[in-house]
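Read the structure below first, then the notes.
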Amino acid sequence: MVNRTASEPRTLAPGAVFDWLDETAEQRAAAGLTRTLRSRTADDPVLDLAGNDYLGLTRHPAVTGAAAEAALRWGAGATGSRLVTGTTALHTELEQELADFCGAEAALVFSSGYTANLAALTALTDPDTLIVSDAYNHASLIDGCQLARADVHRAPHSDPHAVAGILAGRERPRALVVTDSVFSVDGNAAPLAELADVTRRFGAALLVDDAHGLGVLGPGGSGAPAAAGLAGAPDLVTTVTLSKSLGSQGGAVLGPRRVIRHLTETARTFIFDTGLAPAAAGAALGARRLRRAEPHRAERAREVARTLAARLAAAGLHASTPDAAVVSVRAPGPEAAVGWAADCRRAGLAVGCFRPPSVPDGISRLRLTARGDLTDGQIAEAVRVIAATAPEGARAAG
């Protein structure tokens, strides 16, 4: 045995410094939590109910054409941060379009919905702020809360009464209530009107992540806040993604003009991040214009979701009741969920697979995107494949 003093360095072979990663990988494998990347081809023949292309716009000629035109005119990248060279006329036009569509005073476009959430949470809070965050919020909101210098309290899921209790006992002068509009696991909607009443009663602001509501809920798909009668509220900040209903990539924060000004000057994920690529901004603009011309797409997405849920339930499976365009089907456990999703893919159907730690309640699920461009025949085929490949215990799950 070699005796070392506390000041002596511990010598390891160069390749041994990451040996601990192998152990953690084995632990994830034992728990059924291994994750792998799978490349897909451009002509992948599977029926896709795994992505977030709610309105079926990602490959629409009006959207891809707008992206191509933007890339040819402005180049492949934004060339710098938004405050340096990364703001093009496309970004400005997109921000105005989004603000007008959602009924907000102003908007600010980011490179992703994730960076938009981090910006809103870190720039709008400080040590004098209490954050009340829904227990089922998306990981980007959770990470934003962790990065904020605020006092963070986790509230029971969709419980305005519990939020009121936390706000009533606050000691800090400012408070921010944070929630998804539509929760990405089961597709249930937050009680936004009730939460707004609570926040106003206690002098708090409300931050809503409308990633899964924009394009699906509200008049013409203008979002969950609009559906709740909150569009343009002076105490509301909304974050959205461009990568779901708009078929592009990126994110945005919408709200009062002074909030947007503050984010422009202080949000680190805006100041120090390269601007959204012009092609993505162009695609989002193309999708927005198409949505204006075809407002029925929002109702069709909701109709597809209701049909999927009803038929899966009729097949004896535990399907969630959708408030927007997300449907989940419970699985007996993590390994069963992974196997079920793989069996679906082999049968020509791509579905999402959610398991711990991605699901806050610990229940593994298949997650289905009810795309508005699905035909009745494709809906029937999806239900047939999911029911035929259901693992033992799926019909009794939940």
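Letters A, B, ... go to the chains of the structure tokens in the order shown; residues in each chain start at 1; ligands are counted from 1 in the same order.
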
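Excluding Val237 in chain A itself and same-chain residues fewer than 2 positions from it, the residues having an atom within 7 Å of it are Leu206, Leu207, Val208, Asp235, Thr239, Leu254 and Gly255 of chain A, counting only C-alpha atoms.
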
Report task. Could you give me, as a list in words, each residue of range 88-215 of chain A that DSSP assigns to strand (DSSP E) when run on this structure's backbone? Result ->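 The residues of range 88-215 of chain A classed as strand (DSSP E) are Ala106, Ala107, Leu108, Val109, Phe110, Thr129, Leu130, Ile131, Val132, Ser133, Asp134, Asp151, Val152, His153, Arg154, Ala155, Arg174, Ala175, Leu176, Val177, Val178, Thr179, Asp180, Ala205, Leu206, Leu207, Val208 and Asp209 of chain A.
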
Would you output that residue set with N, CA, C and O atoms, as a compact mmCIF listing (two decimals), in the first residue's frame?
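The resulting file, out_6.txt, is reproduced below:
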# COMPACT_ATOMS: atom_id res chain seq x y z
N ALA A 106 -45.01 43.06 -28.24
CA ALA A 106 -43.73 42.88 -28.93
C ALA A 106 -43.26 41.44 -28.78
O ALA A 106 -43.80 40.67 -27.96
N ALA A 107 -42.27 41.08 -29.57
CA ALA A 107 -41.70 39.73 -29.52
C ALA A 107 -40.20 39.80 -29.76
O ALA A 107 -39.70 40.76 -30.37
N LEU A 108 -39.49 38.79 -29.30
CA LEU A 108 -38.05 38.69 -29.50
C LEU A 108 -37.72 37.25 -29.88
O LEU A 108 -38.06 36.32 -29.15
N VAL A 109 -37.07 37.08 -31.02
CA VAL A 109 -36.78 35.76 -31.56
C VAL A 109 -35.43 35.26 -31.06
O VAL A 109 -34.45 36.00 -31.05
N PHE A 110 -35.37 33.98 -30.69
CA PHE A 110 -34.17 33.31 -30.20
C PHE A 110 -33.83 32.13 -31.11
O PHE A 110 -34.61 31.74 -31.97
N THR A 129 -36.94 37.78 -6.00
CA THR A 129 -38.08 37.20 -6.70
C THR A 129 -38.39 35.79 -6.18
O THR A 129 -37.48 34.99 -5.95
N LEU A 130 -39.67 35.51 -6.02
CA LEU A 130 -40.14 34.15 -5.77
C LEU A 130 -40.66 33.58 -7.08
O LEU A 130 -41.49 34.20 -7.75
N ILE A 131 -40.16 32.40 -7.47
CA ILE A 131 -40.67 31.70 -8.65
C ILE A 131 -41.53 30.54 -8.16
O ILE A 131 -41.09 29.73 -7.32
N VAL A 132 -42.74 30.43 -8.69
CA VAL A 132 -43.63 29.30 -8.41
C VAL A 132 -43.78 28.52 -9.71
O VAL A 132 -44.37 29.01 -10.67
N SER A 133 -43.22 27.32 -9.74
CA SER A 133 -43.13 26.54 -10.98
C SER A 133 -43.97 25.27 -10.88
O SER A 133 -43.87 24.53 -9.89
N ASP A 134 -44.79 25.01 -11.89
CA ASP A 134 -45.61 23.79 -11.90
C ASP A 134 -44.73 22.55 -11.88
O ASP A 134 -43.69 22.49 -12.56
N ASP A 151 -35.78 32.55 -5.43
CA ASP A 151 -36.28 31.53 -4.51
C ASP A 151 -37.33 30.73 -5.26
O ASP A 151 -38.39 31.27 -5.62
N VAL A 152 -37.08 29.45 -5.53
CA VAL A 152 -37.95 28.64 -6.39
C VAL A 152 -38.77 27.68 -5.54
O VAL A 152 -38.23 26.94 -4.72
N HIS A 153 -40.08 27.69 -5.76
CA HIS A 153 -40.99 26.75 -5.11
C HIS A 153 -41.69 25.93 -6.19
O HIS A 153 -42.17 26.48 -7.19
N ARG A 154 -41.77 24.64 -5.98
CA ARG A 154 -42.41 23.73 -6.92
C ARG A 154 -43.86 23.53 -6.48
O ARG A 154 -44.13 23.05 -5.37
N ALA A 155 -44.81 23.89 -7.34
CA ALA A 155 -46.23 23.80 -7.00
C ALA A 155 -46.82 22.50 -7.54
O ALA A 155 -46.41 22.02 -8.60
N ARG A 174 -41.14 40.48 -5.24
CA ARG A 174 -41.63 40.14 -6.57
C ARG A 174 -41.88 38.64 -6.67
O ARG A 174 -41.24 37.84 -5.98
N ALA A 175 -42.81 38.27 -7.57
CA ALA A 175 -43.12 36.85 -7.76
C ALA A 175 -43.45 36.58 -9.22
O ALA A 175 -44.03 37.44 -9.91
N LEU A 176 -43.07 35.41 -9.69
CA LEU A 176 -43.33 34.97 -11.06
C LEU A 176 -43.87 33.55 -11.02
O LEU A 176 -43.22 32.64 -10.49
N VAL A 177 -45.06 33.35 -11.56
CA VAL A 177 -45.65 32.01 -11.67
C VAL A 177 -45.35 31.47 -13.07
O VAL A 177 -45.56 32.16 -14.07
N VAL A 178 -44.85 30.24 -13.14
CA VAL A 178 -44.35 29.67 -14.39
C VAL A 178 -45.10 28.37 -14.70
O VAL A 178 -45.18 27.49 -13.84
N THR A 179 -45.61 28.26 -15.93
CA THR A 179 -46.32 27.04 -16.31
C THR A 179 -46.25 26.81 -17.81
O THR A 179 -46.15 27.75 -18.60
N ASP A 180 -46.28 25.54 -18.20
CA ASP A 180 -46.57 25.21 -19.59
C ASP A 180 -48.03 25.52 -19.86
O ASP A 180 -48.87 25.45 -18.95
N ALA A 205 -46.42 38.13 -11.60
CA ALA A 205 -46.45 38.02 -13.06
C ALA A 205 -46.65 36.55 -13.44
O ALA A 205 -46.39 35.64 -12.65
N LEU A 206 -47.11 36.33 -14.68
CA LEU A 206 -47.35 34.98 -15.17
C LEU A 206 -46.52 34.73 -16.42
O LEU A 206 -46.58 35.52 -17.38
N LEU A 207 -45.72 33.66 -16.41
CA LEU A 207 -44.93 33.24 -17.56
C LEU A 207 -45.49 31.93 -18.08
O LEU A 207 -45.54 30.94 -17.35
N VAL A 208 -45.90 31.92 -19.34
CA VAL A 208 -46.52 30.74 -19.95
C VAL A 208 -45.68 30.27 -21.13
O VAL A 208 -45.41 31.03 -22.06
N ASP A 209 -45.26 29.00 -21.08
CA ASP A 209 -44.58 28.37 -22.21
C ASP A 209 -45.64 27.77 -23.11
O ASP A 209 -46.24 26.75 -22.77

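Atom to atom, CA of Arg257 in chain A and CA of Ala298 in chain A stand 27.8 Å apart.
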
**Report entry** Long-range neighbours of range 58-68 of chain A as a ChimeraX atom specification, 8 Å cut-off, only C-alpha atoms, 3 positions minimum in chain
**Finding:** /A:53,71-72,246-248,278-287,290

Generate the output file for the selected residues, all heavy atoms, as a compact mmCIF listing (two decimals), in the first residue's frame.
# COMPACT_ATOMS: atom_id res chain seq x y z
N ASP A 53 -44.48 18.18 -35.56
CA ASP A 53 -44.98 18.92 -36.71
C ASP A 53 -46.51 18.89 -36.69
O ASP A 53 -47.16 18.26 -37.52
CB ASP A 53 -44.42 18.27 -37.98
CG ASP A 53 -44.74 19.05 -39.25
OD1 ASP A 53 -45.14 20.22 -39.14
OD2 ASP A 53 -44.61 18.47 -40.35
N ALA A 71 -32.43 31.60 -47.46
CA ALA A 71 -31.03 31.18 -47.45
C ALA A 71 -30.27 31.73 -48.65
O ALA A 71 -29.12 32.18 -48.54
CB ALA A 71 -30.95 29.65 -47.43
N LEU A 72 -30.91 31.73 -49.82
CA LEU A 72 -30.26 32.25 -51.01
C LEU A 72 -30.03 33.75 -50.92
O LEU A 72 -29.02 34.28 -51.39
CB LEU A 72 -31.11 31.93 -52.24
CG LEU A 72 -31.14 30.45 -52.67
CD1 LEU A 72 -32.19 30.23 -53.75
CD2 LEU A 72 -29.77 30.00 -53.15
N LEU A 246 -45.22 25.75 -36.44
CA LEU A 246 -44.72 26.55 -37.57
C LEU A 246 -43.71 25.79 -38.43
O LEU A 246 -43.20 26.34 -39.41
CB LEU A 246 -44.10 27.85 -37.05
CG LEU A 246 -45.09 28.82 -36.39
CD1 LEU A 246 -44.39 30.10 -35.97
CD2 LEU A 246 -46.26 29.15 -37.32
N GLY A 247 -43.39 24.56 -38.06
CA GLY A 247 -42.60 23.70 -38.93
C GLY A 247 -41.18 24.14 -39.17
O GLY A 247 -40.52 23.66 -40.10
N SER A 248 -40.64 25.05 -38.36
CA SER A 248 -39.30 25.57 -38.58
C SER A 248 -38.41 25.23 -37.40
O SER A 248 -38.43 24.11 -36.91
CB SER A 248 -39.38 27.09 -38.81
OG SER A 248 -38.11 27.64 -39.07
N PRO A 278 -31.25 32.62 -41.08
CA PRO A 278 -32.28 33.25 -41.92
C PRO A 278 -33.25 32.24 -42.53
O PRO A 278 -34.43 32.54 -42.68
CB PRO A 278 -31.44 33.95 -43.01
CG PRO A 278 -30.14 34.25 -42.34
CD PRO A 278 -29.89 33.08 -41.42
N ALA A 279 -32.76 31.06 -42.90
CA ALA A 279 -33.65 30.06 -43.48
C ALA A 279 -34.76 29.67 -42.50
O ALA A 279 -35.92 29.49 -42.89
CB ALA A 279 -32.86 28.81 -43.89
N ALA A 280 -34.42 29.55 -41.21
CA ALA A 280 -35.42 29.20 -40.20
C ALA A 280 -36.42 30.34 -40.01
O ALA A 280 -37.62 30.12 -39.88
CB ALA A 280 -34.75 28.86 -38.88
N ALA A 281 -35.92 31.57 -40.00
CA ALA A 281 -36.82 32.72 -39.89
C ALA A 281 -37.74 32.80 -41.09
O ALA A 281 -38.94 33.05 -40.96
CB ALA A 281 -36.00 34.01 -39.74
N GLY A 282 -37.18 32.57 -42.28
CA GLY A 282 -37.99 32.59 -43.49
C GLY A 282 -39.05 31.50 -43.49
O GLY A 282 -40.20 31.74 -43.88
N ALA A 283 -38.68 30.29 -43.03
CA ALA A 283 -39.64 29.19 -42.97
C ALA A 283 -40.77 29.51 -42.01
O ALA A 283 -41.95 29.24 -42.30
CB ALA A 283 -38.93 27.91 -42.54
N ALA A 284 -40.44 30.07 -40.85
CA ALA A 284 -41.48 30.42 -39.88
C ALA A 284 -42.42 31.47 -40.44
O ALA A 284 -43.64 31.42 -40.22
CB ALA A 284 -40.83 30.91 -38.58
N LEU A 285 -41.87 32.44 -41.17
CA LEU A 285 -42.73 33.44 -41.81
C LEU A 285 -43.63 32.80 -42.86
O LEU A 285 -44.82 33.13 -42.96
CB LEU A 285 -41.86 34.53 -42.44
CG LEU A 285 -41.39 35.64 -41.52
CD1 LEU A 285 -40.31 36.47 -42.19
CD2 LEU A 285 -42.56 36.53 -41.09
N GLY A 286 -43.08 31.89 -43.64
CA GLY A 286 -43.89 31.19 -44.63
C GLY A 286 -45.01 30.40 -43.99
O GLY A 286 -46.15 30.40 -44.48
N ALA A 287 -44.71 29.73 -42.87
CA ALA A 287 -45.74 28.96 -42.15
C ALA A 287 -46.80 29.88 -41.58
O ALA A 287 -47.99 29.56 -41.60
CB ALA A 287 -45.08 28.14 -41.05
N LEU A 290 -49.11 30.94 -44.30
CA LEU A 290 -49.97 29.83 -44.68
C LEU A 290 -51.07 29.62 -43.64
O LEU A 290 -52.23 29.34 -43.97
CB LEU A 290 -49.12 28.56 -44.83
CG LEU A 290 -49.84 27.30 -45.32
CD1 LEU A 290 -50.36 27.51 -46.73
CD2 LEU A 290 -48.89 26.11 -45.28

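With CA of Thr88 in chain A on one side and CA of Leu121 in chain A on the other, the separation reads 25.6 Å.
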
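When only C-alpha atoms are used to measure the gap to Thr375 in chain A, the shortest distance among A:Val304, A:Ala123, A:Asn52, A:Val182 belongs to A:Val304.
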
Requested in this report: Within 10 Å of Ala226 in chain A, counting only C-alpha atoms, which residues show up once you throw out same-chain ones fewer than 3 positions away? Write them as JSON, numbers by chain, please.
Outcome: {"A": [101, 102, 103, 104, 213, 214, 217, 218, 219, 220, 221, 222, 223, 229, 230, 231, 232, 233]}

Mind writing the picked residues with C-alpha atoms as a compact mmCIF listing (two decimals), in the first residue's frame?
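The new file again_12.txt reads:
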# COMPACT_ATOMS: atom_id res chain seq x y z
CA PHE A 101 -50.77 36.97 -34.32
CA CYS A 102 -50.65 36.33 -30.57
CA GLY A 103 -51.94 39.75 -29.53
CA ALA A 104 -48.74 40.83 -27.73
CA GLY A 213 -50.47 25.57 -27.75
CA LEU A 214 -49.36 27.95 -30.49
CA LEU A 217 -55.34 26.44 -29.51
CA GLY A 218 -56.97 29.87 -29.60
CA PRO A 219 -58.68 31.69 -32.46
CA GLY A 220 -57.03 30.53 -35.67
CA GLY A 221 -54.31 28.84 -33.61
CA SER A 222 -53.17 32.06 -31.92
CA GLY A 223 -52.28 30.16 -28.76
CA GLY A 229 -58.71 35.60 -22.92
CA LEU A 230 -55.23 36.70 -21.79
CA ALA A 231 -53.72 37.89 -25.08
CA GLY A 232 -51.92 41.18 -24.59
CA ALA A 233 -52.25 41.16 -20.80

Requested in this report: Please return as a PyMOL selection string: the residues of range 56-235 of chain A that backbone DSSP assigns to helix (DSSP H, G or I).
Outcome: chain A and resi 61-74+89-102+113-123+139-147+160-168+192-201+219-221+224-227

Query raised in the report: So, counting only C-alpha atoms, which residue among A:Leu21, A:Leu37, A:Leu167, A:Ile386 is closest to Leu308 in chain A?
Result: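 For Leu308 in chain A, the nearest of the given residues is A:Ile386.
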
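Taking CA of Gly15 in chain A as the reference point, CA of Arg28 in chain A is found at 21.5 Å.
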
Requested in this report: Name the residues in contact with range 339-353 of chain A at a cut-off of 6 Å, using only C-alpha atoms, excluding same-chain residues fewer than 4 positions from it; report them as a PyMOL selection string.
Outcome: chain A and resi 46-50+365-368

Query raised in the report: From the list A:Gly144, A:Pro332, A:Gly56, A:Gly169, which residue is nearest Arg395 in chain A when using only C-alpha atoms?
Result: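 Nearest to Arg395 in chain A: A:Pro332.
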
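Among A:Gly316, A:Pro14, A:Gly275, A:Gly51, the residue with the shortest atom-to-atom distance to Ala252 in chain A, counting only C-alpha atoms, is A:Gly275.
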
Query raised in the report: What's the 12 Å shell around Asp143 in chain A, counting only C-alpha atoms, without same-chain residues fewer than 2 positions away, as a ChimeraX atom specification?
Result: /A:114-122,133,137-141,145-149,152

Please list as a PDB file with N, CA, C and O atoms, in the first residue's frame every residue within 12 Å of Thr87 in chain A, counting only C-alpha atoms and excluding residues in the same chain fewer than 2 positions away.
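Output contents, as saved in part34.pdb:
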ATOM      1  N   TRP A  74     -30.013  35.697 -47.895  1.00  0.00           N
ATOM      2  CA  TRP A  74     -29.315  36.168 -46.703  1.00  0.00           C
ATOM      3  C   TRP A  74     -28.104  35.329 -46.319  1.00  0.00           C
ATOM      4  O   TRP A  74     -27.306  35.746 -45.477  1.00  0.00           O
ATOM      5  N   GLY A  77     -26.148  31.377 -42.582  1.00  0.00           N
ATOM      6  CA  GLY A  77     -26.181  31.697 -41.158  1.00  0.00           C
ATOM      7  C   GLY A  77     -26.422  33.172 -40.916  1.00  0.00           C
ATOM      8  O   GLY A  77     -26.329  34.008 -41.830  1.00  0.00           O
ATOM      9  N   ALA A  78     -26.724  33.510 -39.661  1.00  0.00           N
ATOM     10  CA  ALA A  78     -26.988  34.894 -39.295  1.00  0.00           C
ATOM     11  C   ALA A  78     -25.702  35.705 -39.134  1.00  0.00           C
ATOM     12  O   ALA A  78     -25.750  36.924 -39.041  1.00  0.00           O
ATOM     13  N   THR A  79     -24.571  35.037 -39.047  1.00  0.00           N
ATOM     14  CA  THR A  79     -23.202  35.592 -38.997  1.00  0.00           C
ATOM     15  C   THR A  79     -22.794  36.155 -37.647  1.00  0.00           C
ATOM     16  O   THR A  79     -21.627  36.477 -37.463  1.00  0.00           O
ATOM     17  N   GLY A  80     -23.696  36.280 -36.705  1.00  0.00           N
ATOM     18  CA  GLY A  80     -23.309  36.812 -35.406  1.00  0.00           C
ATOM     19  C   GLY A  80     -24.489  36.889 -34.461  1.00  0.00           C
ATOM     20  O   GLY A  80     -25.608  36.471 -34.795  1.00  0.00           O
ATOM     21  N   SER A  81     -24.243  37.399 -33.273  1.00  0.00           N
ATOM     22  CA  SER A  81     -25.328  37.566 -32.308  1.00  0.00           C
ATOM     23  C   SER A  81     -26.304  38.618 -32.823  1.00  0.00           C
ATOM     24  O   SER A  81     -25.973  39.444 -33.678  1.00  0.00           O
ATOM     25  N   ARG A  82     -27.511  38.595 -32.265  1.00  0.00           N
ATOM     26  CA  ARG A  82     -28.547  39.506 -32.735  1.00  0.00           C
ATOM     27  C   ARG A  82     -28.157  40.970 -32.542  1.00  0.00           C
ATOM     28  O   ARG A  82     -28.572  41.841 -33.313  1.00  0.00           O
ATOM     29  N   LEU A  83     -27.369  41.274 -31.518  1.00  0.00           N
ATOM     30  CA  LEU A  83     -26.994  42.656 -31.229  1.00  0.00           C
ATOM     31  C   LEU A  83     -25.787  43.128 -32.043  1.00  0.00           C
ATOM     32  O   LEU A  83     -25.432  44.312 -32.004  1.00  0.00           O
ATOM     33  N   VAL A  84     -25.167  42.210 -32.787  1.00  0.00           N
ATOM     34  CA  VAL A  84     -24.019  42.583 -33.605  1.00  0.00           C
ATOM     35  C   VAL A  84     -24.444  42.592 -35.078  1.00  0.00           C
ATOM     36  O   VAL A  84     -24.774  43.632 -35.633  1.00  0.00           O
ATOM     37  N   THR A  85     -24.446  41.440 -35.713  1.00  0.00           N
ATOM     38  CA  THR A  85     -24.853  41.372 -37.126  1.00  0.00           C
ATOM     39  C   THR A  85     -25.973  40.382 -37.372  1.00  0.00           C
ATOM     40  O   THR A  85     -26.387  40.189 -38.515  1.00  0.00           O
ATOM     41  N   ALA A  89     -33.659  41.737 -41.635  1.00  0.00           N
ATOM     42  CA  ALA A  89     -35.026  42.228 -41.825  1.00  0.00           C
ATOM     43  C   ALA A  89     -36.035  41.102 -41.612  1.00  0.00           C
ATOM     44  O   ALA A  89     -37.177  41.342 -41.191  1.00  0.00           O
ATOM     45  N   LEU A  90     -35.622  39.864 -41.889  1.00  0.00           N
ATOM     46  CA  LEU A  90     -36.504  38.712 -41.662  1.00  0.00           C
ATOM     47  C   LEU A  90     -36.825  38.551 -40.179  1.00  0.00           C
ATOM     48  O   LEU A  90     -37.971  38.260 -39.811  1.00  0.00           O
ATOM     49  N   HIS A  91     -35.812  38.706 -39.325  1.00  0.00           N
ATOM     50  CA  HIS A  91     -36.045  38.575 -37.888  1.00  0.00           C
ATOM     51  C   HIS A  91     -37.032  39.636 -37.409  1.00  0.00           C
ATOM     52  O   HIS A  91     -37.955  39.340 -36.631  1.00  0.00           O
ATOM     53  N   THR A  92     -36.850  40.851 -37.857  1.00  0.00           N
ATOM     54  CA  THR A  92     -37.733  41.943 -37.449  1.00  0.00           C
ATOM     55  C   THR A  92     -39.158  41.696 -37.930  1.00  0.00           C
ATOM     56  O   THR A  92     -40.130  41.894 -37.183  1.00  0.00           O
ATOM     57  N   GLU A  93     -39.293  41.250 -39.167  1.00  0.00           N
ATOM     58  CA  GLU A  93     -40.617  40.966 -39.712  1.00  0.00           C
ATOM     59  C   GLU A  93     -41.281  39.818 -38.960  1.00  0.00           C
ATOM     60  O   GLU A  93     -42.481  39.872 -38.653  1.00  0.00           O
ATOM     61  N   LEU A  94     -40.506  38.781 -38.648  1.00  0.00           N
ATOM     62  CA  LEU A  94     -41.051  37.639 -37.923  1.00  0.00           C
ATOM     63  C   LEU A  94     -41.533  38.050 -36.531  1.00  0.00           C
ATOM     64  O   LEU A  94     -42.602  37.615 -36.079  1.00  0.00           O
ATOM     65  N   GLU A  95     -40.762  38.868 -35.859  1.00  0.00           N
ATOM     66  CA  GLU A  95     -41.158  39.320 -34.524  1.00  0.00           C
ATOM     67  C   GLU A  95     -42.464  40.104 -34.571  1.00  0.00           C
ATOM     68  O   GLU A  95     -43.333  39.927 -33.706  1.00  0.00           O
ATOM     69  N   LEU A 108     -39.494  38.790 -29.301  1.00  0.00           N
ATOM     70  CA  LEU A 108     -38.046  38.688 -29.495  1.00  0.00           C
ATOM     71  C   LEU A 108     -37.722  37.252 -29.878  1.00  0.00           C
ATOM     72  O   LEU A 108     -38.063  36.317 -29.146  1.00  0.00           O
ATOM     73  N   VAL A 109     -37.070  37.082 -31.024  1.00  0.00           N
ATOM     74  CA  VAL A 109     -36.781  35.756 -31.556  1.00  0.00           C
ATOM     75  C   VAL A 109     -35.428  35.255 -31.060  1.00  0.00           C
ATOM     76  O   VAL A 109     -34.445  36.005 -31.047  1.00  0.00           O
ATOM     77  N   PHE A 110     -35.372  33.980 -30.688  1.00  0.00           N
ATOM     78  CA  PHE A 110     -34.169  33.311 -30.200  1.00  0.00           C
ATOM     79  C   PHE A 110     -33.831  32.130 -31.112  1.00  0.00           C
ATOM     80  O   PHE A 110     -34.614  31.738 -31.966  1.00  0.00           O
ATOM     81  N   SER A 111     -32.669  31.534 -30.871  1.00  0.00           N
ATOM     82  CA  SER A 111     -32.223  30.410 -31.688  1.00  0.00           C
ATOM     83  C   SER A 111     -32.981  29.128 -31.369  1.00  0.00           C
ATOM     84  O   SER A 111     -32.946  28.172 -32.144  1.00  0.00           O
ATOM     85  N   THR A 264     -33.736  42.135 -24.379  1.00  0.00           N
ATOM     86  CA  THR A 264     -32.761  42.491 -25.404  1.00  0.00           C
ATOM     87  C   THR A 264     -31.463  42.988 -24.780  1.00  0.00           C
ATOM     88  O   THR A 264     -30.363  42.716 -25.283  1.00  0.00           O
ATOM     89  N   PHE A 270     -29.596  35.593 -25.312  1.00  0.00           N
ATOM     90  CA  PHE A 270     -29.839  36.430 -26.480  1.00  0.00           C
ATOM     91  C   PHE A 270     -28.580  37.190 -26.867  1.00  0.00           C
ATOM     92  O   PHE A 270     -28.167  37.199 -28.026  1.00  0.00           O
ATOM     93  N   ILE A 271     -27.927  37.794 -25.875  1.00  0.00           N
ATOM     94  CA  ILE A 271     -26.766  38.652 -26.131  1.00  0.00           C
ATOM     95  C   ILE A 271     -25.584  37.863 -26.692  1.00  0.00           C
ATOM     96  O   ILE A 271     -24.895  38.308 -27.618  1.00  0.00           O
ATOM     97  N   ASP A 273     -25.545  34.639 -28.011  1.00  0.00           N
ATOM     98  CA  ASP A 273     -25.859  33.519 -28.897  1.00  0.00           C
ATOM     99  C   ASP A 273     -25.983  34.020 -30.329  1.00  0.00           C
ATOM    100  O   ASP A 273     -26.495  35.126 -30.573  1.00  0.00           O
ATOM    101  N   THR A 274     -25.512  33.227 -31.274  1.00  0.00           N
ATOM    102  CA  THR A 274     -25.683  33.579 -32.683  1.00  0.00           C
ATOM    103  C   THR A 274     -27.162  33.612 -33.041  1.00  0.00           C
ATOM    104  O   THR A 274     -27.949  32.780 -32.576  1.00  0.00           O
ATOM    105  N   GLY A 275     -27.548  34.569 -33.850  1.00  0.00           N
ATOM    106  CA  GLY A 275     -28.948  34.713 -34.224  1.00  0.00           C
ATOM    107  C   GLY A 275     -29.485  33.521 -34.981  1.00  0.00           C
ATOM    108  O   GLY A 275     -28.739  32.740 -35.589  1.00  0.00           O
ATOM    109  N   LEU A 276     -30.793  33.380 -34.950  1.00  0.00           N
ATOM    110  CA  LEU A 276     -31.478  32.320 -35.691  1.00  0.00           C
ATOM    111  C   LEU A 276     -31.121  32.404 -37.172  1.00  0.00           C
ATOM    112  O   LEU A 276     -31.072  33.496 -37.750  1.00  0.00           O
ATOM    113  N   ALA A 277     -30.852  31.258 -37.790  1.00  0.00           N
ATOM    114  CA  ALA A 277     -30.487  31.230 -39.204  1.00  0.00           C
ATOM    115  C   ALA A 277     -31.602  31.836 -40.055  1.00  0.00           C
ATOM    116  O   ALA A 277     -32.786  31.602 -39.800  1.00  0.00           O
ATOM    117  N   PRO A 278     -31.250  32.624 -41.077  1.00  0.00           N
ATOM    118  CA  PRO A 278     -32.277  33.245 -41.923  1.00  0.00           C
ATOM    119  C   PRO A 278     -33.248  32.241 -42.534  1.00  0.00           C
ATOM    120  O   PRO A 278     -34.435  32.545 -42.677  1.00  0.00           O
ATOM    121  N   ALA A 281     -35.915  31.574 -39.995  1.00  0.00           N
ATOM    122  CA  ALA A 281     -36.816  32.720 -39.886  1.00  0.00           C
ATOM    123  C   ALA A 281     -37.740  32.800 -41.094  1.00  0.00           C
ATOM    124  O   ALA A 281     -38.944  33.050 -40.962  1.00  0.00           O
TER     125      ALA A 281
END

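Checking A:His262, A:Asp376, A:Asp186, A:Leu57 one by one against Arg330 in chain A, counting only C-alpha atoms, you find the shortest gap at A:Asp186.
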
Query raised in the report: From the list A:Arg38, A:His212, A:Lys244, A:His318, which residue is nearest Ile363 in chain A when using only C-alpha atoms?
Result: A:His318
